[in-house]
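K.L.:
This is the content of run-v6.txt (compact mmCIF, C-alpha atoms):
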```
# COMPACT_ATOMS: atom_id res chain seq x y z
CA MET A 45 -3.74 -8.32 -60.41
CA ARG A 46 -4.53 -11.81 -59.17
CA ALA A 47 -4.55 -15.24 -60.89
CA THR A 48 -6.78 -17.98 -59.48
CA ALA A 49 -6.54 -21.57 -60.67
CA TYR A 50 -9.76 -23.52 -61.18
CA GLY A 51 -8.25 -26.54 -62.90
CA GLY A 52 -5.14 -27.82 -64.64
CA PHE A 53 -2.61 -26.82 -61.98
CA GLY A 54 -1.28 -29.77 -59.99
CA GLU A 55 -3.33 -31.99 -62.32
CA LYS A 56 -3.74 -32.87 -66.00
CA GLY A 57 -6.99 -31.67 -67.56
CA ARG A 58 -9.76 -29.06 -67.02
CA THR A 59 -7.32 -26.21 -67.60
CA SER A 60 -8.97 -23.02 -66.32
CA ILE A 61 -7.41 -19.97 -64.67
CA ALA A 62 -8.97 -16.60 -63.88
CA VAL A 63 -7.06 -13.30 -63.96
CA SER A 64 -8.68 -10.41 -62.08
CA THR A 65 -7.93 -6.72 -61.76
CA GLU A 66 -9.94 -3.53 -61.18
CA GLY A 67 -13.11 -5.52 -60.54
CA PHE A 68 -12.90 -7.36 -63.89
CA THR A 69 -12.37 -11.15 -64.08
CA LEU A 70 -11.28 -12.99 -67.23
CA LEU A 71 -11.25 -16.80 -67.33
CA LEU A 72 -8.56 -18.27 -69.55
CA ASP A 73 -9.88 -21.60 -70.89
CA CYS A 74 -12.64 -23.78 -69.47
CA GLY A 75 -11.78 -27.43 -69.96
CA VAL A 76 -12.71 -30.88 -68.68
CA ASN A 77 -10.66 -33.61 -67.04
CA THR A 78 -11.16 -36.82 -69.02
CA SER A 79 -9.11 -38.77 -66.45
CA ASP A 80 -11.47 -38.30 -63.49
CA SER A 81 -15.24 -37.94 -63.47
CA LYS A 82 -15.13 -36.47 -59.93
CA THR A 83 -13.02 -33.52 -61.12
CA TYR A 84 -14.34 -33.44 -64.68
CA TYR A 85 -15.36 -29.78 -64.53
CA PRO A 86 -13.46 -26.70 -63.32
CA ALA A 87 -13.61 -25.98 -59.58
CA LEU A 88 -15.89 -22.97 -60.05
CA ASN A 89 -19.04 -22.53 -57.97
CA PRO A 90 -22.18 -20.91 -59.43
CA ALA A 91 -21.43 -17.52 -57.87
CA GLU A 92 -17.94 -17.56 -59.41
CA CYS A 93 -19.34 -18.58 -62.82
CA ALA A 94 -21.83 -15.72 -62.64
CA GLY A 95 -19.05 -13.32 -61.59
CA LEU A 96 -16.92 -13.92 -64.66
CA ASP A 97 -16.90 -10.93 -67.00
CA ALA A 98 -15.39 -12.81 -69.93
CA MET A 99 -13.94 -16.13 -71.01
CA LEU A 100 -11.13 -16.45 -73.55
CA ILE A 101 -10.48 -19.87 -75.08
CA SER A 102 -6.96 -20.62 -76.29
CA HIS A 103 -7.83 -23.56 -78.59
CA ALA A 104 -10.35 -26.29 -79.40
CA HIS A 105 -9.16 -29.28 -77.38
CA GLU A 106 -11.44 -30.74 -74.73
CA ASP A 107 -9.20 -29.97 -71.75
CA HIS A 108 -9.39 -26.27 -72.68
CA ILE A 109 -12.91 -25.73 -74.06
CA ALA A 110 -15.36 -28.55 -73.29
CA ALA A 111 -16.74 -27.07 -70.04
CA VAL A 112 -18.04 -23.85 -71.60
CA GLY A 113 -21.65 -25.10 -71.64
CA TRP A 114 -21.30 -26.31 -68.06
CA ALA A 115 -20.21 -22.81 -67.03
CA VAL A 116 -23.27 -21.32 -68.76
CA ALA A 117 -25.51 -23.82 -66.95
CA HIS A 118 -23.92 -22.64 -63.69
CA GLY A 119 -24.44 -18.94 -64.27
CA PHE A 120 -21.86 -17.63 -66.75
CA ARG A 121 -23.31 -14.76 -68.79
CA GLY A 122 -20.15 -12.94 -69.81
CA ARG A 123 -18.39 -12.47 -73.13
CA LEU A 124 -16.92 -15.50 -74.91
CA LEU A 125 -13.82 -14.92 -77.05
CA MET A 126 -11.79 -17.18 -79.35
CA THR A 127 -10.26 -17.20 -82.81
CA ARG A 128 -12.41 -17.78 -85.88
CA GLU A 129 -10.79 -21.19 -86.41
CA THR A 130 -11.38 -22.29 -82.82
CA ARG A 131 -15.01 -21.21 -83.15
CA ALA A 132 -15.35 -23.43 -86.22
CA GLU A 133 -14.04 -26.49 -84.34
CA ALA A 134 -15.76 -25.82 -81.00
CA PRO A 135 -19.16 -27.44 -81.74
CA ALA A 136 -17.57 -30.82 -82.44
CA ILE A 137 -15.68 -30.73 -79.13
CA TRP A 138 -18.76 -29.64 -77.17
CA LYS A 139 -20.78 -32.40 -78.84
CA ALA A 140 -18.21 -35.06 -78.03
CA TYR A 141 -17.36 -34.18 -74.42
CA ALA A 142 -20.45 -32.44 -72.98
CA PRO A 143 -23.98 -33.70 -72.28
CA GLU A 144 -26.65 -32.48 -74.68
CA PRO A 145 -27.96 -29.67 -72.41
CA GLU A 146 -24.44 -28.28 -71.98
CA TYR A 147 -23.85 -28.51 -75.73
CA ARG A 148 -26.97 -26.40 -76.31
CA HIS A 149 -25.88 -23.90 -73.67
CA ALA A 150 -22.46 -23.51 -75.30
CA MET A 151 -23.96 -23.15 -78.75
CA SER A 152 -26.32 -20.42 -77.51
CA LEU A 153 -23.49 -18.04 -76.61
CA PRO A 154 -22.42 -15.38 -79.09
CA VAL A 155 -18.69 -15.57 -79.81
CA GLU A 156 -16.42 -12.56 -80.20
CA LEU A 157 -13.56 -13.27 -82.57
CA ILE A 158 -9.99 -12.43 -81.61
CA PRO A 159 -6.90 -12.16 -83.84
CA ALA A 160 -4.41 -14.95 -84.39
CA HIS A 161 -1.64 -12.44 -83.76
CA GLY A 162 -2.61 -8.99 -82.60
CA VAL A 163 -3.60 -6.62 -79.79
CA PHE A 164 -7.02 -5.62 -78.45
CA HIS A 165 -8.51 -4.37 -75.19
CA LEU A 166 -10.83 -6.24 -72.86
CA GLY A 167 -12.01 -4.39 -69.77
CA PRO A 168 -8.86 -3.11 -68.02
CA PHE A 169 -6.61 -5.53 -69.93
CA ARG A 170 -4.43 -4.92 -72.94
CA VAL A 171 -4.55 -8.35 -74.58
CA GLU A 172 -1.96 -9.63 -77.04
CA THR A 173 -2.29 -12.97 -78.80
CA GLY A 174 0.01 -15.05 -80.99
CA ARG A 175 -0.09 -18.40 -82.73
CA SER A 176 0.84 -21.24 -80.38
CA GLY A 177 2.33 -23.82 -82.78
CA HIS A 178 -0.03 -26.45 -81.34
CA ILE A 179 -3.12 -26.41 -83.53
CA VAL A 180 -4.95 -24.37 -86.14
CA GLY A 181 -6.69 -21.59 -84.20
CA GLY A 182 -4.55 -22.03 -81.08
CA VAL A 183 -3.09 -18.93 -79.40
CA TRP A 184 -1.03 -17.87 -76.43
CA VAL A 185 -2.39 -14.91 -74.45
CA HIS A 186 -0.55 -11.98 -72.83
CA LEU A 187 -2.45 -9.72 -70.42
CA ALA A 188 -1.20 -6.34 -69.19
CA SER A 189 -2.75 -3.76 -66.89
CA ALA A 190 -1.31 -0.96 -64.72
CA GLY A 191 2.26 -2.13 -65.15
CA ARG A 192 1.53 -5.80 -64.34
CA SER A 193 1.59 -8.59 -66.91
CA VAL A 194 0.91 -12.29 -67.25
CA LEU A 195 1.58 -14.66 -70.15
CA TYR A 196 -0.62 -17.72 -70.50
CA CYS A 197 1.04 -20.08 -72.95
CA GLY A 198 -1.91 -22.44 -73.26
CA ASP A 199 -0.56 -25.41 -75.22
CA VAL A 200 2.48 -24.44 -77.27
CA VAL A 201 4.92 -26.24 -79.56
CA PRO A 202 8.03 -24.16 -80.32
CA SER A 203 9.42 -26.74 -82.74
CA SER A 204 6.38 -27.99 -84.68
CA ALA A 205 7.21 -28.82 -88.28
CA VAL A 206 3.66 -27.88 -89.33
CA PHE A 207 2.33 -25.06 -87.13
CA PRO A 208 4.27 -21.80 -86.53
CA MET A 209 4.62 -20.30 -83.06
CA ASP A 210 4.87 -16.52 -82.76
CA PRO A 211 7.53 -14.99 -80.45
CA LEU A 212 6.43 -14.61 -76.83
CA PRO A 213 6.50 -11.25 -75.02
CA VAL A 214 8.09 -10.42 -71.67
CA ALA A 215 5.84 -11.01 -68.64
CA GLY A 216 6.03 -10.80 -64.87
CA LEU A 217 4.22 -14.13 -64.48
CA VAL A 218 4.51 -16.86 -67.11
CA MET A 219 2.19 -19.88 -67.16
CA LEU A 220 4.04 -22.61 -69.04
CA ASP A 221 2.62 -25.67 -70.77
CA GLY A 222 4.02 -28.27 -68.39
CA SER A 223 2.42 -31.31 -70.03
CA TYR A 224 5.74 -33.12 -70.49
CA GLY A 225 7.37 -32.12 -67.20
CA GLU A 226 11.05 -33.05 -67.19
CA ASP A 227 10.91 -34.88 -70.51
CA ASP A 228 13.71 -33.49 -72.67
CA VAL A 229 13.74 -36.02 -75.51
CA SER A 230 13.89 -34.19 -78.84
CA GLY A 231 11.14 -34.32 -81.43
CA GLU A 232 13.51 -35.93 -83.90
CA MET A 233 14.11 -38.86 -81.54
CA ARG A 234 10.38 -39.21 -80.88
CA PHE A 235 9.60 -39.24 -84.59
CA ALA A 236 12.30 -41.84 -85.21
CA SER A 237 10.74 -44.14 -82.59
CA ILE A 238 7.31 -43.84 -84.20
CA ARG A 239 8.72 -44.55 -87.66
CA GLN A 240 10.49 -47.62 -86.28
CA TYR A 241 7.20 -48.87 -84.86
CA LEU A 242 5.49 -48.28 -88.22
CA GLY A 243 8.30 -50.15 -89.94
CA ARG A 244 7.48 -53.18 -87.77
CA ASN A 245 3.71 -52.64 -87.99
CA PRO A 246 2.96 -51.08 -91.39
CA ALA A 247 -0.76 -51.80 -90.93
CA CYS A 248 -1.95 -50.42 -87.60
CA ILE A 249 -4.30 -47.90 -85.97
CA LEU A 250 -3.10 -44.40 -85.04
CA PRO A 251 -5.73 -42.67 -82.87
CA THR A 252 -5.34 -38.89 -82.92
CA PRO A 253 -7.35 -35.73 -82.21
CA LEU A 254 -9.26 -34.58 -85.27
CA ILE A 255 -7.31 -31.31 -85.39
CA GLY A 256 -3.70 -30.59 -84.47
CA ARG A 257 -1.76 -33.82 -84.20
CA SER A 258 -3.72 -35.36 -87.08
CA LEU A 259 -2.08 -33.00 -89.58
CA GLU A 260 1.35 -33.52 -88.06
CA MET A 261 0.80 -37.29 -88.20
CA LEU A 262 -0.07 -37.00 -91.89
CA ALA A 263 3.29 -35.28 -92.39
CA LEU A 264 5.17 -37.94 -90.42
CA VAL A 265 3.73 -41.20 -91.79
CA GLU A 266 5.80 -42.25 -94.81
CA GLN A 267 3.05 -44.24 -96.52
CA PRO A 268 -0.10 -42.18 -97.18
CA PRO A 269 -2.49 -43.51 -94.53
CA ALA A 270 -6.08 -44.66 -94.51
CA LEU A 271 -8.56 -42.25 -92.96
CA ALA A 272 -11.52 -43.09 -90.74
CA PRO A 273 -14.81 -41.20 -91.24
CA GLY A 274 -14.48 -37.48 -90.58
CA MET A 275 -10.70 -37.44 -90.75
CA LEU A 276 -10.48 -36.26 -94.37
CA GLU A 277 -12.76 -33.31 -93.69
CA GLY A 278 -10.79 -32.40 -90.57
CA LEU A 279 -7.49 -32.46 -92.43
CA LEU A 280 -8.85 -30.43 -95.33
CA ARG A 281 -10.20 -27.75 -92.96
CA GLN A 282 -6.76 -27.39 -91.44
CA LEU A 283 -5.01 -27.21 -94.81
CA ASP A 284 -7.35 -24.41 -95.84
CA GLN A 285 -5.98 -22.25 -93.01
CA VAL A 286 -2.63 -21.38 -94.60
CA ASP A 287 -1.97 -18.51 -92.18
CA TRP A 288 -1.76 -21.10 -89.41
CA LEU A 289 0.72 -23.33 -91.26
CA ARG A 290 4.43 -23.00 -91.86
CA PRO A 291 5.17 -21.42 -95.24
CA GLY A 292 5.09 -23.84 -98.16
CA ILE A 293 3.92 -26.90 -96.20
CA ALA A 294 0.26 -26.92 -97.27
CA ALA A 295 0.94 -27.89 -100.90
CA GLY A 296 3.03 -30.92 -99.95
CA LEU A 297 0.46 -32.11 -97.42
CA ARG A 298 -2.32 -31.72 -99.97
CA ASP A 299 -0.37 -33.91 -102.38
CA ARG A 300 0.04 -36.51 -99.64
CA LEU A 301 -3.63 -36.28 -98.69
CA ALA A 302 -4.61 -37.00 -102.30
CA LEU A 303 -2.90 -40.40 -101.95
CA THR A 304 -4.77 -41.44 -98.81
CA ILE A 305 -7.75 -43.79 -98.86
CA GLU A 306 -11.05 -43.35 -97.05
CA TRP A 307 -11.98 -46.34 -94.91
CA GLN A 308 -15.20 -47.43 -93.22
CA PRO A 309 -15.44 -49.38 -89.95
CA ASP A 310 -17.37 -52.24 -91.60
CA GLN A 311 -14.54 -52.89 -94.08
CA PRO A 312 -11.51 -55.19 -93.65
CA TRP A 313 -8.53 -53.54 -91.99
CA PRO A 314 -6.52 -51.42 -94.45
CA ASP A 315 -3.01 -52.39 -95.58
CA ARG A 316 -1.50 -49.19 -94.13
CA PRO A 317 -1.70 -47.00 -91.02
CA LEU A 318 -5.24 -45.88 -90.18
CA LEU A 319 -5.83 -42.42 -88.67
CA CYS A 320 -8.96 -42.19 -86.52
CA HIS A 321 -10.28 -39.78 -83.90
CA ASP A 322 -10.36 -39.15 -81.02
CA GLY A 323 -6.93 -40.00 -79.66
CA MET A 324 -8.22 -41.75 -76.51
CA GLY A 325 -11.14 -43.88 -77.65
CA LEU A 326 -13.62 -41.69 -75.77
CA SER A 327 -15.52 -40.30 -78.76
CA GLY A 328 -15.71 -40.32 -82.53
CA PRO A 329 -15.00 -43.32 -84.80
CA SER A 330 -12.19 -44.51 -82.52
CA VAL A 331 -14.75 -45.82 -80.00
CA GLN A 332 -15.93 -48.51 -82.41
CA ILE A 333 -12.57 -48.98 -84.11
CA LEU A 334 -10.61 -49.60 -80.91
CA GLU A 335 -13.23 -51.99 -79.57
CA ARG A 336 -12.90 -54.04 -82.77
CA ALA A 337 -9.10 -53.85 -82.71
CA GLY A 338 -9.00 -55.19 -79.16
CA ARG A 339 -11.34 -58.02 -80.08
CA GLU A 340 -9.34 -58.97 -83.19
CA GLY A 341 -5.81 -58.31 -81.92
CA TYR A 342 -5.04 -55.58 -84.46
CA PRO A 343 -2.02 -53.34 -83.69
CA VAL A 344 -2.75 -49.96 -82.07
CA LEU A 345 -0.28 -47.17 -81.33
CA PHE A 346 -1.30 -44.30 -79.05
CA THR A 347 0.83 -41.18 -79.30
CA GLY A 348 -0.76 -38.63 -76.94
CA HIS A 349 -2.44 -38.31 -73.56
CA VAL A 350 -4.42 -41.45 -72.67
CA PRO A 351 -6.54 -40.89 -69.53
CA SER A 352 -6.68 -43.53 -66.84
CA GLY A 353 -9.70 -45.78 -67.33
CA SER A 354 -10.28 -44.72 -70.95
CA PRO A 355 -10.71 -47.34 -73.71
CA GLY A 356 -7.16 -46.61 -74.82
CA ASP A 357 -5.83 -47.13 -71.31
CA ARG A 358 -7.70 -50.44 -70.99
CA LEU A 359 -6.18 -51.68 -74.24
CA MET A 360 -2.69 -50.79 -73.03
CA GLN A 361 -3.27 -52.39 -69.64
CA LYS A 362 -4.11 -55.65 -71.43
CA GLY A 363 -1.00 -55.39 -73.61
CA ALA A 364 -3.19 -54.95 -76.69
CA ALA A 365 -1.80 -51.53 -77.62
CA HIS A 366 1.47 -49.59 -77.47
CA TRP A 367 2.29 -45.97 -76.65
CA LEU A 368 4.98 -43.67 -78.04
CA ARG A 369 4.95 -39.92 -77.50
CA PHE A 370 4.29 -37.70 -80.51
CA PRO A 371 5.64 -34.30 -79.39
CA THR A 372 2.82 -31.73 -79.29
CA HIS A 373 3.97 -29.87 -76.14
CA PRO A 374 7.28 -28.28 -75.08
CA THR A 375 10.28 -30.25 -73.87
CA LEU A 376 12.02 -29.27 -70.66
CA SER A 377 14.67 -27.30 -72.57
CA GLU A 378 12.02 -25.46 -74.58
CA ASN A 379 10.14 -24.46 -71.44
CA ARG A 380 13.37 -23.33 -69.80
CA ASP A 381 14.11 -21.19 -72.86
CA ILE A 382 10.59 -19.69 -72.76
CA ALA A 383 10.89 -18.72 -69.10
CA PHE A 384 14.31 -17.17 -69.68
CA ALA A 385 13.33 -15.28 -72.85
CA CYS A 386 10.17 -13.88 -71.19
CA ARG A 387 12.22 -12.75 -68.16
CA ALA A 388 9.66 -14.33 -65.89
CA GLY A 389 9.77 -13.16 -62.29
CA ARG A 390 7.57 -16.12 -61.36
CA VAL A 391 6.47 -19.20 -63.26
CA LEU A 392 3.46 -21.50 -63.06
CA ALA A 393 3.04 -24.70 -65.06
CA HIS A 394 -0.32 -26.10 -66.12
CA SER A 395 -1.40 -29.52 -67.36
CA CYS A 396 0.86 -31.57 -65.11
CA ALA A 397 0.39 -33.41 -61.82
CA ALA A 398 1.76 -32.27 -58.47
CA GLY A 399 4.62 -34.79 -58.47
CA VAL A 400 5.70 -33.68 -61.91
CA LEU A 401 5.70 -30.05 -60.77
CA SER A 402 8.09 -30.77 -57.93
CA ALA A 403 10.57 -32.43 -60.28
CA PHE A 404 10.03 -29.70 -62.87
CA ALA A 405 11.07 -27.06 -60.31
CA ARG A 406 14.62 -28.40 -60.22
CA SER A 407 15.14 -27.11 -63.76
CA ILE A 408 12.88 -24.04 -64.01
CA ASP A 409 13.84 -21.00 -61.94
CA ASN A 410 11.10 -19.27 -59.92
CA LEU A 411 8.58 -22.06 -60.50
CA VAL A 412 5.73 -21.95 -57.98
CA VAL A 413 4.83 -25.56 -57.17
CA ASP A 414 2.07 -25.26 -54.58
CA ILE A 415 -0.76 -23.80 -56.71
CA ARG A 416 -3.74 -26.16 -56.82
CA PRO A 417 -7.35 -25.69 -57.96
CA ARG A 418 -8.85 -22.73 -56.08
CA GLY A 419 -5.38 -21.47 -55.18
CA SER A 420 -4.35 -17.88 -56.05
CA ILE A 421 -1.23 -15.88 -56.72
CA GLU A 422 -0.70 -12.13 -56.79
CA ILE A 423 0.91 -10.68 -59.91
```
Mind turning the file's structure into structure tokens?

P.N.:
Amino acid sequence: MRATAYGGFGEKGRTSIAVSTEGFTLLLDCGVNTSDSKTYYPALNPAECAGLDAMLISHAHEDHIAAVGWAVAHGFRGRLLMTRETRAEAPAIWKAYAPEPEYRHAMSLPVELIPAHGVFHLGPFRVETGRSGHIVGGVWVHLASAGRSVLYCGDVVPSSAVFPMDPLPVAGLVMLDGSYGEDDVSGEMRFASIRQYLGRNPACILPTPLIGRSLEMLALVEQPPALAPGMLEGLLRQLDQVDWLRPGIAAGLRDRLALTIEWQPDQPWPDRPLLCHDGMGLSGPSVQILERAGREGYPVLFTGHVPSGSPGDRLMQKGAAHWLRFPTHPTLSENRDIAFACRAGRVLAHSCAAGVLSAFARSIDNLVVDIRPRGSIEI
């Protein structure tokens, strides 16, 4: 069994890794890199796209799914697999982060639905999935064949207050979510910092992805927020998926949602926090909202990944916006616990830059730090 990185290893974005055995190749995720137009797409050539037997998408965030149409345009004709909930959210991500021809290519593919937590077979692989704790529809993926095994965490959140994460199985190779590198600050401390900011700036803009962090932000903000166009529908879709939520939390969040107000970009700024998508100012209502906020000096707090050169980054560079991390990926301690519990013989980490990997290796045993796009490792 061999794993070959095509993006997301030694860099943030375009997460894509192929696992091959017995003449069958499965691509895990097919994302874009919003930080760099030169490496926007996975490092797959047309022959490699055409040689993929299947593609399994872990969740509907752009760095994991937005290059599907690009892969089709470059020769992919294999099977496309994802959860029902990811399939429901995929068109919006393809529309926002892919050119129109790629959007049409992605939409033309039939999708095979996979379980949130279950086992199925794909070519020579026994595939097990489990909820990732990161987003409605998001899963981790465990592949086994002929006594070899690999666990691809995708994006996981062991300690989310909203989304449950299913226990991870043992694997010979574990691919961790290394988005936060050596950061070991607890979620409680992160939440306290955000609440302190909101105490000083009770009326402000909180850009967030439409799914995932948006629901967790609704749970965190003490005053029911204002919602930009599309946000209410996105939150309601998530609350309908009770199997993806921690027991008992949906009812309380519905009560809170009933107290929110819907806001339009041509109205005066609301007297409370405003949730808008996306979280970077690259698409959705946040494009117009952040441009206006910068012009009028209205407070903005970013809480997730903000790519270099994005509208959000430009606002921060001018001192017109602030950034505080909202924890939607594992801390160092959580990743160390995952590697230990899975008894990993070797470890890779995706979604972090090369310099972060080197520092990360000081705390994670058996971490391979020299895998880059187009690099391979035997399992």

K.L.:
Which of these, A:Thr375, A:Gln285, A:Cys386, A:Val391, has the shortest distance to A:Ile421 once you count all atoms listed in the file?

P.N.:
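Ranked by minimum distance to A:Ile421, first place goes to A:Val391.
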
K.L.:
Just checking: using all atoms listed in the file, which residue out of A:Thr347, A:Ser330, A:Ser407, A:Asn77 ends up closest to A:Met275?

P.N.:
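Closest to A:Met275 of all the choices is A:Ser330.
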
K.L.:
Which residue out of A:Pro355, A:Gly222, A:Gly181, A:Gly256 has the minimum interatomic distance to A:Phe53 when all atoms listed in the file are used?

P.N.:
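Among the listed residues, A:Gly222 lies closest to A:Phe53.
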
K.L.:
Out of A:Arg290, A:Arg358, A:Arg298, A:Arg123, which residue has the shortest atom-to-atom distance to A:Leu262 when counting only C-alpha atoms?

P.N.:
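Checking each of A:Arg290, A:Arg358, A:Arg298, A:Arg123 against A:Leu262, counting only C-alpha atoms, the winner is A:Arg298.
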
K.L.:
Between A:Asp73, A:Glu106, A:Asp221, A:Glu92, which residue has the minimum interatomic distance to A:Met126, considering only C-alpha atoms?

P.N.:
A:Asp73

K.L.:
Using all atoms listed in the file, what table do you get, as JSON lines, when you list each residue of stretch 295-392 of chain A with an atom no more than 12 Å from stretch 207-212 of chain A, its nearest pair of atoms, and their distance in Å rounded to one decimal, rows by chain then rising number?

P.N.:
```
{"residue": "A:Thr372", "atom": "CA", "partner": "A:Phe207", "partner_atom": "CA", "distance": 10.3}
{"residue": "A:His373", "atom": "CA", "partner": "A:Met209", "partner_atom": "CA", "distance": 11.8}
{"residue": "A:Pro374", "atom": "CA", "partner": "A:Met209", "partner_atom": "CA", "distance": 11.6}
{"residue": "A:Asn379", "atom": "CA", "partner": "A:Leu212", "partner_atom": "CA", "distance": 11.8}
{"residue": "A:Asp381", "atom": "CA", "partner": "A:Leu212", "partner_atom": "CA", "distance": 10.9}
{"residue": "A:Ile382", "atom": "CA", "partner": "A:Leu212", "partner_atom": "CA", "distance": 7.7}
{"residue": "A:Ala383", "atom": "CA", "partner": "A:Leu212", "partner_atom": "CA", "distance": 9.8}
{"residue": "A:Phe384", "atom": "CA", "partner": "A:Leu212", "partner_atom": "CA", "distance": 10.9}
{"residue": "A:Ala385", "atom": "CA", "partner": "A:Leu212", "partner_atom": "CA", "distance": 8.0}
{"residue": "A:Cys386", "atom": "CA", "partner": "A:Leu212", "partner_atom": "CA", "distance": 6.8}
{"residue": "A:Arg387", "atom": "CA", "partner": "A:Leu212", "partner_atom": "CA", "distance": 10.6}
{"residue": "A:Ala388", "atom": "CA", "partner": "A:Leu212", "partner_atom": "CA", "distance": 11.4}
```

K.L.:
Between atom CA of A:Ala215 and atom CA of A:Leu195, measure the distance and give it in Å to one decimal.

P.N.:
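Separating atom CA of A:Ala215 from atom CA of A:Leu195 is a distance of 5.8 Å.
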
K.L.:
What is the atom CA of A:Val112-atom CA of A:Glu133 distance in Å, reported with one decimal?

P.N.:
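Computed distance, atom CA of A:Val112 to atom CA of A:Glu133, equals 13.6 Å.
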